[in-house]
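J.: My questions all concern the structure below.
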Amino acid sequence: MKSVNASVDEKRLWDDLMALASFGAREDGGVCRHALSREDIASREWLIGKARERGYRIAADSAANLFLTRFGCDNDLPPVLAGSHMDSQPAGGKFDGAYGVLAAFEALRALDDAGLETARPVTAVAWTNEEGGRFHIPCTGSRAFVSGKVPEPDQTDEEGVTLADALKRTLDAAPDVERIAPGFPVHAYVEPHIEQGPVLEAEGLPIGVVTGIQGVRWFNVTVTGEPGHAGTVPHAIRRDAFQATLRAVSALSTLMEDPDDVVRFTVGHVSVVPNSPNTIPSSVRFSIDFRHPERGVLDARAARIADLIAREVRPCTAEVAMTTSMQPVVFPDQITGAIAKAADTEGLKHRALASGAFHDAAHIASVCPSGMIFIPCRGGLSHHPDEWATPEHCAAGARVLAGALAQLAA
Ligand code: HGY
Ligand code: MN
Ligand code: MN
C-alpha cells in the first residue's frame, strides 16, 4: 500500500489544473473567472461532478462556499479543512487560488488511494470571491464563514447586479447540493498557494512554510464634481472630479512614501462618469489597496486618508469608505510545524516566509489554527496572464499538504 504522499498523482492534478483554467480562459493564456460568473458557476459544476464520482459529501453555504468532505472514522469531530478560491483576477493566471482548491482535492483522492482512515473528516473548500475583482469586498466567502453572514449582500458589481442575486443564481445552478449555514467548527485549516513572489524560485526551494500574512486596508472613494461642456466651462469655475482625483492620489502617494519600500499602496480600480471625452467628469470612483506587516503603520496612515482626500479634492467633495481591514496574521507552530514535518518526510527543502498577498487563511485563522504552504511561481508573477508553476512543484505542494492533513486529521 502506497503512502498518502506517494498517492498524490502529479498528472491527475496537472490535468485538473489545466481543465479548471479552461473556465474563463483568455486568448493570452490567462484566466478571467470572476466570482459567481457564468465561468465560475461552470467550474463549480465541473468540480462537483468530480467530487460526486468519489462519493464525497458536497455542501454549499449561503455565501456559496463549496465544501467537499471525505468522511473519517468519527464524523462528529470538527473536520480538517484545506483549500483556497476559484475566482480569479480579470487578467489573472491559471494557479492563483485554483492551485489550492485542486491540491486539496488531490490530497483527498490521495487519502482514498492510500486507503488511509483518518479519525476526522477532511474537507476541501473553495471560498467565494477571494479576489474582490467583481464585488469589491474581497474574501466574501471566508468572511461569511467566520461571521456567519454574507458581508454587504446589497453591494453591486459594475453591471448593477447585487451580490445577493449573484449568490442566488450560483446556488440555484446546483440545486441538489446540500445547503448549510455559513460557519461550523473546524479543527485546523491549511491553504496551499503559489508564492506570488520571487523568493522560492530565486533560492531554488520547492516549498515555503508561510509564517503569516501582512495586514491590508481597502477603501472605496467616490469624488463628486459637476458635469459640464469641455469646450465652454472656464477652469476657474470647474468642479472636475477627475482632476480632483489626480490631486488626491498624488497626495496619497506622498503619504504612503516609505524609504524601506515595505508599504504597498495601489490605486487599481478607477471609473469615471460620464466617461466622455468632451464632458467634464462629474464623478470618479477609485480604490485604495494599502498593506503593511505592522498594524501600527496601517492604523496611523489609514487614519489620515479621509481628511487628506477631502482637502485635496476641493472644490469637489468625496466619500471615503474603508471596505476591508485585515490585521496582520501570524500562523501557529502547530500548523507550521506540521507542514515543515510533512516537507521533511518528503525530503523537500523548505524555508519560512511571510505572505505579501492576502488569502482566505487570514480570516479562517481567527476561528481555527491555520497555515499555508507556498510553491514557487515563475518570476514571482501573479495577477498576470503569464502566471506559471511547474507540474513537479504543484505535486510537491500537494504531497506536503496530504502529509500535513494526515497528521492533523489523525
Ligand atoms: O490581493 C491579494 O493579495 C490576493 O491575491 N487576492
Ligand atoms: Mn489567491
Ligand atoms: Mn489573487
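Ordered as shown in the C-alpha cells, chains take letters A, B, and onward, while each chain numbers its residues from 1 and ligands are numbered from 1 in the order shown.
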Counting only C-alpha atoms and all ligand atoms, give me one row per residue of chain A with an atom at most 6 Å from an atom of ligand 2, showing the shortest contact pair and its distance in Å to one decimal, sorted by chain then residue number, as JSON lines.
T.:
```
{"residue": "A:Asp96", "atom": "CA", "partner": "ligand 2", "partner_atom_place_in_ligand_line": "1 (Mn)", "distance": 4.6}
{"residue": "A:Gly97", "atom": "CA", "partner": "ligand 2", "partner_atom_place_in_ligand_line": "1 (Mn)", "distance": 4.3}
{"residue": "A:His359", "atom": "CA", "partner": "ligand 2", "partner_atom_place_in_ligand_line": "1 (Mn)", "distance": 5.7}
```
J.: Would you put the residues from that selection into a file with N, CA and C atoms, as a JSON list (two decimals), in the first residue's frame?
T.:
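Written output follows (out-v6.json):
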```
[["chain", "number", "residue", "atom", "x", "y", "z"],
["A", 96, "ASP", "N", -3.34, 31.04, -9.22],
["A", 96, "ASP", "CA", -3.76, 31.79, -8.02],
["A", 96, "ASP", "C", -5.12, 31.29, -7.57],
["A", 97, "GLY", "N", -5.17, 30.68, -6.40],
["A", 97, "GLY", "CA", -6.43, 30.16, -5.86],
["A", 97, "GLY", "C", -6.74, 28.76, -6.37],
["A", 359, "HIS", "N", -4.96, 36.25, 1.83],
["A", 359, "HIS", "CA", -5.59, 34.96, 1.48],
["A", 359, "HIS", "C", -6.76, 34.71, 2.43]]
```
J.: Using only C-alpha atoms and all ligand atoms, I'd like a table of the residues in chain A that come within 9 Å of ligand 1; for each, show the closest atom pair and its distance in Å rounded to one decimal, ordered by chain and ascending number, as a Markdown table.
T.:
```
| residue | atom | partner | partner_atom_place_in_ligand_line | distance |
| --- | --- | --- | --- | --- |
| A:Ser88 | CA | ligand 1 | 6 (N) | 8.3 |
| A:Gln89 | CA | ligand 1 | 6 (N) | 7.9 |
| A:Asp96 | CA | ligand 1 | 5 (O) | 7.1 |
| A:Gly97 | CA | ligand 1 | 5 (O) | 8.2 |
| A:Glu130 | CA | ligand 1 | 6 (N) | 6.0 |
| A:Glu131 | CA | ligand 1 | 6 (N) | 4.2 |
| A:Gly132 | CA | ligand 1 | 6 (N) | 7.2 |
| A:Gly133 | CA | ligand 1 | 6 (N) | 8.6 |
| A:Pro138 | CA | ligand 1 | 6 (N) | 7.3 |
| A:Cys139 | CA | ligand 1 | 6 (N) | 8.1 |
| A:Gln196 | CA | ligand 1 | 5 (O) | 7.8 |
| A:Val216 | CA | ligand 1 | 3 (O) | 8.5 |
| A:Asp289 | CA | ligand 1 | 1 (O) | 8.5 |
| A:Ser355 | CA | ligand 1 | 3 (O) | 8.6 |
| A:Gly356 | CA | ligand 1 | 3 (O) | 6.8 |
| A:Ala357 | CA | ligand 1 | 3 (O) | 3.3 |
| A:Phe358 | CA | ligand 1 | 3 (O) | 3.9 |
| A:His359 | CA | ligand 1 | 4 (C) | 5.9 |
| A:Asp360 | CA | ligand 1 | 6 (N) | 8.7 |
| A:Ser382 | CA | ligand 1 | 5 (O) | 7.9 |
| A:His383 | CA | ligand 1 | 5 (O) | 7.1 |
```
J.: Kindly save the residues from that selection, with N, CA, C and O atoms included, as an mmCIF file, in the first residue's frame.
T.:
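Output file out-v2.cif follows:
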```cif
data_model
loop_
_atom_site.group_PDB
_atom_site.id
_atom_site.type_symbol
_atom_site.label_atom_id
_atom_site.label_comp_id
_atom_site.auth_asym_id
_atom_site.auth_seq_id
_atom_site.Cartn_x
_atom_site.Cartn_y
_atom_site.Cartn_z
ATOM 1 N N SER A 88 -10.926 34.399 -10.084
ATOM 2 C CA SER A 88 -9.612 34.936 -10.495
ATOM 3 C C SER A 88 -9.684 36.450 -10.693
ATOM 4 O O SER A 88 -10.768 37.047 -10.669
ATOM 5 N N GLN A 89 -8.549 37.040 -10.905
ATOM 6 C CA GLN A 89 -8.474 38.433 -11.330
ATOM 7 C C GLN A 89 -9.003 38.515 -12.779
ATOM 8 O O GLN A 89 -9.024 37.490 -13.477
ATOM 9 N N ASP A 96 -3.341 31.038 -9.220
ATOM 10 C CA ASP A 96 -3.757 31.790 -8.022
ATOM 11 C C ASP A 96 -5.125 31.292 -7.567
ATOM 12 O O ASP A 96 -6.103 31.432 -8.296
ATOM 13 N N GLY A 97 -5.168 30.676 -6.404
ATOM 14 C CA GLY A 97 -6.426 30.159 -5.858
ATOM 15 C C GLY A 97 -6.737 28.763 -6.369
ATOM 16 O O GLY A 97 -6.886 27.816 -5.591
ATOM 17 N N GLU A 130 -12.678 35.520 -3.312
ATOM 18 C CA GLU A 130 -11.492 35.938 -2.534
ATOM 19 C C GLU A 130 -10.904 37.202 -3.143
ATOM 20 O O GLU A 130 -10.441 38.101 -2.449
ATOM 21 N N GLU A 131 -10.918 37.284 -4.492
ATOM 22 C CA GLU A 131 -10.179 38.366 -5.158
ATOM 23 C C GLU A 131 -10.841 39.742 -4.981
ATOM 24 O O GLU A 131 -10.152 40.765 -4.985
ATOM 25 N N GLY A 132 -12.152 39.789 -4.936
ATOM 26 C CA GLY A 132 -12.788 41.110 -4.848
ATOM 27 C C GLY A 132 -12.733 41.847 -6.181
ATOM 28 O O GLY A 132 -12.897 43.057 -6.237
ATOM 29 N N GLY A 133 -12.524 41.126 -7.261
ATOM 30 C CA GLY A 133 -12.416 41.782 -8.568
ATOM 31 C C GLY A 133 -13.755 42.239 -9.118
ATOM 32 O O GLY A 133 -13.850 43.245 -9.813
ATOM 33 N N PRO A 138 -13.234 41.824 -0.788
ATOM 34 C CA PRO A 138 -12.590 40.538 -1.035
ATOM 35 C C PRO A 138 -12.856 39.541 0.094
ATOM 36 O O PRO A 138 -13.331 39.920 1.170
ATOM 37 N N CYS A 139 -12.560 38.282 -0.178
ATOM 38 C CA CYS A 139 -12.723 37.211 0.831
ATOM 39 C C CYS A 139 -14.158 37.151 1.347
ATOM 40 O O CYS A 139 -14.391 36.905 2.539
ATOM 41 N N GLN A 196 3.422 33.873 -5.294
ATOM 42 C CA GLN A 196 3.128 35.208 -5.851
ATOM 43 C C GLN A 196 4.271 36.171 -5.515
ATOM 44 O O GLN A 196 4.054 37.366 -5.316
ATOM 45 N N VAL A 216 -3.945 44.458 5.677
ATOM 46 C CA VAL A 216 -4.488 45.091 4.462
ATOM 47 C C VAL A 216 -5.596 46.079 4.845
ATOM 48 O O VAL A 216 -6.366 45.814 5.768
ATOM 49 N N ASP A 289 -5.731 50.244 -2.122
ATOM 50 C CA ASP A 289 -5.258 48.986 -1.518
ATOM 51 C C ASP A 289 -3.947 49.325 -0.822
ATOM 52 O O ASP A 289 -2.980 49.702 -1.453
ATOM 53 N N SER A 355 3.668 36.132 3.786
ATOM 54 C CA SER A 355 2.928 36.367 2.549
ATOM 55 C C SER A 355 2.631 37.863 2.379
ATOM 56 O O SER A 355 2.070 38.493 3.271
ATOM 57 N N GLY A 356 2.995 38.391 1.211
ATOM 58 C CA GLY A 356 2.649 39.779 0.878
ATOM 59 C C GLY A 356 1.214 39.861 0.391
ATOM 60 O O GLY A 356 0.534 40.866 0.592
ATOM 61 N N ALA A 357 0.763 38.766 -0.238
ATOM 62 C CA ALA A 357 -0.622 38.732 -0.729
ATOM 63 C C ALA A 357 -1.529 38.322 0.430
ATOM 64 O O ALA A 357 -1.113 37.602 1.335
ATOM 65 N N PHE A 358 -2.797 38.771 0.383
ATOM 66 C CA PHE A 358 -3.719 38.261 1.414
ATOM 67 C C PHE A 358 -4.366 36.987 0.902
ATOM 68 O O PHE A 358 -4.308 36.668 -0.293
ATOM 69 N N HIS A 359 -4.957 36.246 1.831
ATOM 70 C CA HIS A 359 -5.594 34.962 1.478
ATOM 71 C C HIS A 359 -6.758 34.714 2.435
ATOM 72 O O HIS A 359 -6.841 35.342 3.496
ATOM 73 N N ASP A 360 -7.615 33.757 2.067
ATOM 74 C CA ASP A 360 -8.721 33.414 2.957
ATOM 75 C C ASP A 360 -8.212 32.956 4.320
ATOM 76 O O ASP A 360 -8.883 33.130 5.342
ATOM 77 N N SER A 382 2.203 37.007 -10.686
ATOM 78 C CA SER A 382 0.817 36.623 -10.358
ATOM 79 C C SER A 382 -0.081 37.822 -10.635
ATOM 80 O O SER A 382 0.405 38.930 -10.847
ATOM 81 N N HIS A 383 -1.402 37.558 -10.663
ATOM 82 C CA HIS A 383 -2.344 38.595 -11.126
ATOM 83 C C HIS A 383 -1.869 39.051 -12.508
ATOM 84 O O HIS A 383 -1.825 40.239 -12.822
#
```
J.: Tell me which protein, DNA and RNA residues are within 10 Å of Ser37 in chain A, counting only C-alpha atoms, leaving out same-chain ones fewer than 3 positions away, and put them as a PyMOL selection string.
T.: chain A and resi 24+32-34+40-43+87+134+166-167+169-170
J.: Grab the residues selected above and save them as a CSV table (one decimal), in the first residue's frame with C-alpha atoms.
T.:
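Full text of part04.csv as output:
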```csv
chain,number,residue,atom,x,y,z
A,24,GLY,CA,-12.8,31.7,-18.4
A,32,CYS,CA,-10.8,35.7,-16.3
A,33,ARG,CA,-13.2,33.8,-13.9
A,34,HIS,CA,-14.9,36.4,-11.8
A,40,ASP,CA,-17.3,30.3,-12.1
A,41,ILE,CA,-20.6,28.5,-12.0
A,42,ALA,CA,-19.4,26.2,-14.7
A,43,SER,CA,-16.2,25.5,-12.9
A,87,ASP,CA,-12.4,33.1,-8.7
A,134,ARG,CA,-16.1,41.9,-9.3
A,166,ALA,CA,-25.3,36.6,-7.9
A,167,LEU,CA,-25.1,34.2,-4.9
A,169,ARG,CA,-28.0,32.4,-9.2
A,170,THR,CA,-24.9,30.4,-8.3
```
J.: Quick one: everything within 12 Å of range 229-237 of chain A, counting only C-alpha atoms, minus sequence neighbours fewer than 4 positions away in the same chain. Send it as a list in words.
T.: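 Listing them by chain and then by number gives Gly225, Gln243, Pro274, Ser276, Pro277, Asn278, Thr279, Ile280, Pro281, Ser282, Arg314, Pro315 and Cys316 of chain A.
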J.: Write out the residues from the selection above, keeping N, CA, C and O atoms, as a short mmCIF file (atom, residue, chain, number, x, y, z; two decimals), in the first residue's frame.
T.:
```
data_model
loop_
_atom_site.label_atom_id
_atom_site.label_comp_id
_atom_site.auth_asym_id
_atom_site.auth_seq_id
_atom_site.Cartn_x
_atom_site.Cartn_y
_atom_site.Cartn_z
N GLY A 225 -18.09 65.93 -8.51
CA GLY A 225 -17.87 67.30 -9.03
C GLY A 225 -19.13 67.74 -9.75
O GLY A 225 -20.24 67.45 -9.32
N GLN A 243 -9.76 65.70 -12.23
CA GLN A 243 -8.59 66.50 -11.81
C GLN A 243 -8.47 66.46 -10.28
O GLN A 243 -7.37 66.37 -9.74
N PRO A 274 -19.25 60.98 -16.70
CA PRO A 274 -19.86 60.03 -17.64
C PRO A 274 -18.86 59.36 -18.60
O PRO A 274 -19.26 58.69 -19.51
N SER A 276 -16.81 60.55 -20.91
CA SER A 276 -16.91 61.02 -22.31
C SER A 276 -15.82 62.06 -22.54
O SER A 276 -15.57 62.91 -21.66
N PRO A 277 -15.16 62.04 -23.71
CA PRO A 277 -14.04 62.95 -23.93
C PRO A 277 -14.41 64.43 -23.77
O PRO A 277 -13.57 65.23 -23.36
N ASN A 278 -15.67 64.79 -24.05
CA ASN A 278 -15.95 66.23 -24.03
C ASN A 278 -17.00 66.62 -23.00
O ASN A 278 -17.74 67.58 -23.19
N THR A 279 -17.03 65.82 -21.90
CA THR A 279 -17.85 66.24 -20.74
C THR A 279 -16.95 66.24 -19.51
O THR A 279 -16.24 65.26 -19.26
N ILE A 280 -16.97 67.31 -18.78
CA ILE A 280 -16.16 67.40 -17.55
C ILE A 280 -16.65 66.31 -16.58
O ILE A 280 -17.85 66.23 -16.32
N PRO A 281 -15.75 65.42 -16.10
CA PRO A 281 -16.17 64.32 -15.22
C PRO A 281 -16.92 64.84 -13.99
O PRO A 281 -16.45 65.71 -13.28
N SER A 282 -18.12 64.21 -13.81
CA SER A 282 -18.93 64.64 -12.66
C SER A 282 -18.65 63.78 -11.43
O SER A 282 -18.86 64.19 -10.31
N ARG A 314 -11.10 69.53 -3.00
CA ARG A 314 -11.85 70.79 -3.09
C ARG A 314 -11.62 71.47 -4.45
O ARG A 314 -10.51 71.38 -4.98
N PRO A 315 -12.61 72.06 -5.11
CA PRO A 315 -14.00 72.31 -4.63
C PRO A 315 -14.94 71.13 -4.83
O PRO A 315 -16.13 71.27 -4.66
N CYS A 316 -14.41 69.97 -5.23
CA CYS A 316 -15.27 68.77 -5.28
C CYS A 316 -15.40 68.22 -3.85
O CYS A 316 -14.71 68.66 -2.93
#
```
J.: Which is closest to His350 in chain A among A:Leu252, A:Ala365, A:Val320, A:Ile207, if we use only C-alpha atoms?
T.: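 Closest residue, counting only C-alpha atoms: A:Ile207.
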J.: Nearest to ligand 3 among A:Arg291, A:Arg264, A:Lys94, A:Arg301, with distances taken over only C-alpha atoms and all ligand atoms: which residue is it?
T.: A:Lys94
J.: List the neighbours of Phe290 in chain A out to 8 Å using only C-alpha atoms; skip same-chain residues closer than 6 positions along the sequence, and give me the result as a list in words.
T.: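 Everything that qualifies: Val216, Arg217, Trp218, Val263, Arg264, Phe265, Thr266 and Leu298 of chain A.
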J.: Name the residues in contact with Arg120 in chain A at a cut-off of 6 Å, using only C-alpha atoms, excluding same-chain residues fewer than 4 positions from it; report them as a list in words.
T.: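 In the requested format, the answer is Gly72, Asp74, Leu77, Pro79 and Ala409 of chain A.
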J.: Based on the selection just made, write N, CA, C and O atoms of those residues as a PDB file, in the first residue's frame.
T.:
```pdb
ATOM      1  N   GLY A  72     -14.351  10.608   7.878  1.00  0.00           N
ATOM      2  CA  GLY A  72     -13.345   9.955   8.719  1.00  0.00           C
ATOM      3  C   GLY A  72     -14.043   8.884   9.553  1.00  0.00           C
ATOM      4  O   GLY A  72     -15.201   8.535   9.280  1.00  0.00           O
ATOM      5  N   ASP A  74     -14.775   9.238  12.773  1.00  0.00           N
ATOM      6  CA  ASP A  74     -15.747   9.897  13.658  1.00  0.00           C
ATOM      7  C   ASP A  74     -16.151  11.239  13.049  1.00  0.00           C
ATOM      8  O   ASP A  74     -15.466  12.244  13.207  1.00  0.00           O
ATOM      9  N   LEU A  77     -16.539  14.721  14.760  1.00  0.00           N
ATOM     10  CA  LEU A  77     -15.374  15.583  15.078  1.00  0.00           C
ATOM     11  C   LEU A  77     -15.290  16.717  14.064  1.00  0.00           C
ATOM     12  O   LEU A  77     -15.575  16.512  12.877  1.00  0.00           O
ATOM     13  N   PRO A  79     -13.910  18.905  11.226  1.00  0.00           N
ATOM     14  CA  PRO A  79     -13.024  18.449  10.152  1.00  0.00           C
ATOM     15  C   PRO A  79     -11.731  19.256  10.104  1.00  0.00           C
ATOM     16  O   PRO A  79     -11.632  20.336  10.677  1.00  0.00           O
ATOM     17  N   ALA A 409      -5.429  15.215  10.863  1.00  0.00           N
ATOM     18  CA  ALA A 409      -6.740  14.523  10.940  1.00  0.00           C
ATOM     19  C   ALA A 409      -6.615  13.175  11.647  1.00  0.00           C
ATOM     20  O   ALA A 409      -7.609  12.445  11.780  1.00  0.00           O
TER      21      ALA A 409
END
```
J.: Using only C-alpha atoms and all ligand atoms, can you tell me which of A:Met86, A:Met322, A:Ile335, A:Val150 comes closest to ligand 3?
T.: A:Met86
J.: Near Gly141 in chain A, within 9 Å and counting only C-alpha atoms, which residues show up once chain neighbours fewer than 4 positions away are dropped, as a ChimeraX atom specification?
T.: /A:61-65,126-130,145-146,150-151,182,360
J.: With C-alpha atoms retained, write the just-selected residues as a PDB file, in the first residue's frame.
T.:
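Wrote out03.pdb, looks like this:
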```
ATOM      1  CA  ASP A  61     -23.394  27.623   2.406  1.00  0.00           C
ATOM      2  CA  SER A  62     -25.304  30.869   1.775  1.00  0.00           C
ATOM      3  CA  ALA A  63     -22.045  32.531   0.636  1.00  0.00           C
ATOM      4  CA  ALA A  64     -21.755  29.750  -1.960  1.00  0.00           C
ATOM      5  CA  ASN A  65     -18.599  28.411  -0.304  1.00  0.00           C
ATOM      6  CA  ALA A 126     -13.477  26.652  -2.483  1.00  0.00           C
ATOM      7  CA  TRP A 127     -14.126  30.066  -0.892  1.00  0.00           C
ATOM      8  CA  THR A 128     -16.283  32.585  -2.736  1.00  0.00           C
ATOM      9  CA  ASN A 129     -14.935  35.873  -4.139  1.00  0.00           C
ATOM     10  CA  GLU A 130     -11.492  35.938  -2.534  1.00  0.00           C
ATOM     11  CA  PHE A 145     -17.754  31.617   7.272  1.00  0.00           C
ATOM     12  CA  VAL A 146     -16.199  33.475  10.212  1.00  0.00           C
ATOM     13  CA  VAL A 150     -22.695  37.363   3.912  1.00  0.00           C
ATOM     14  CA  PRO A 151     -20.942  40.786   4.041  1.00  0.00           C
ATOM     15  CA  PRO A 182     -22.102  29.591   6.971  1.00  0.00           C
ATOM     16  CA  ASP A 360      -8.721  33.414   2.957  1.00  0.00           C
TER      17      ASP A 360
END
```
J.: Find the residue from A:Ile194, A:Val161, A:Ala398, A:Ala19 that sits nearest to ligand 3; use only C-alpha atoms and all ligand atoms when measuring.
T.: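 Once distances to ligand 3 are computed over only C-alpha atoms and all ligand atoms, the minimum belongs to A:Ile194.
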J.: May I ask for the distance between CA of Ala6 in chain A and CA of Val125 in chain A, given in Å to one decimal place?
T.: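 CA of Val125 in chain A lies at a distance of 22.4 Å from CA of Ala6 in chain A.
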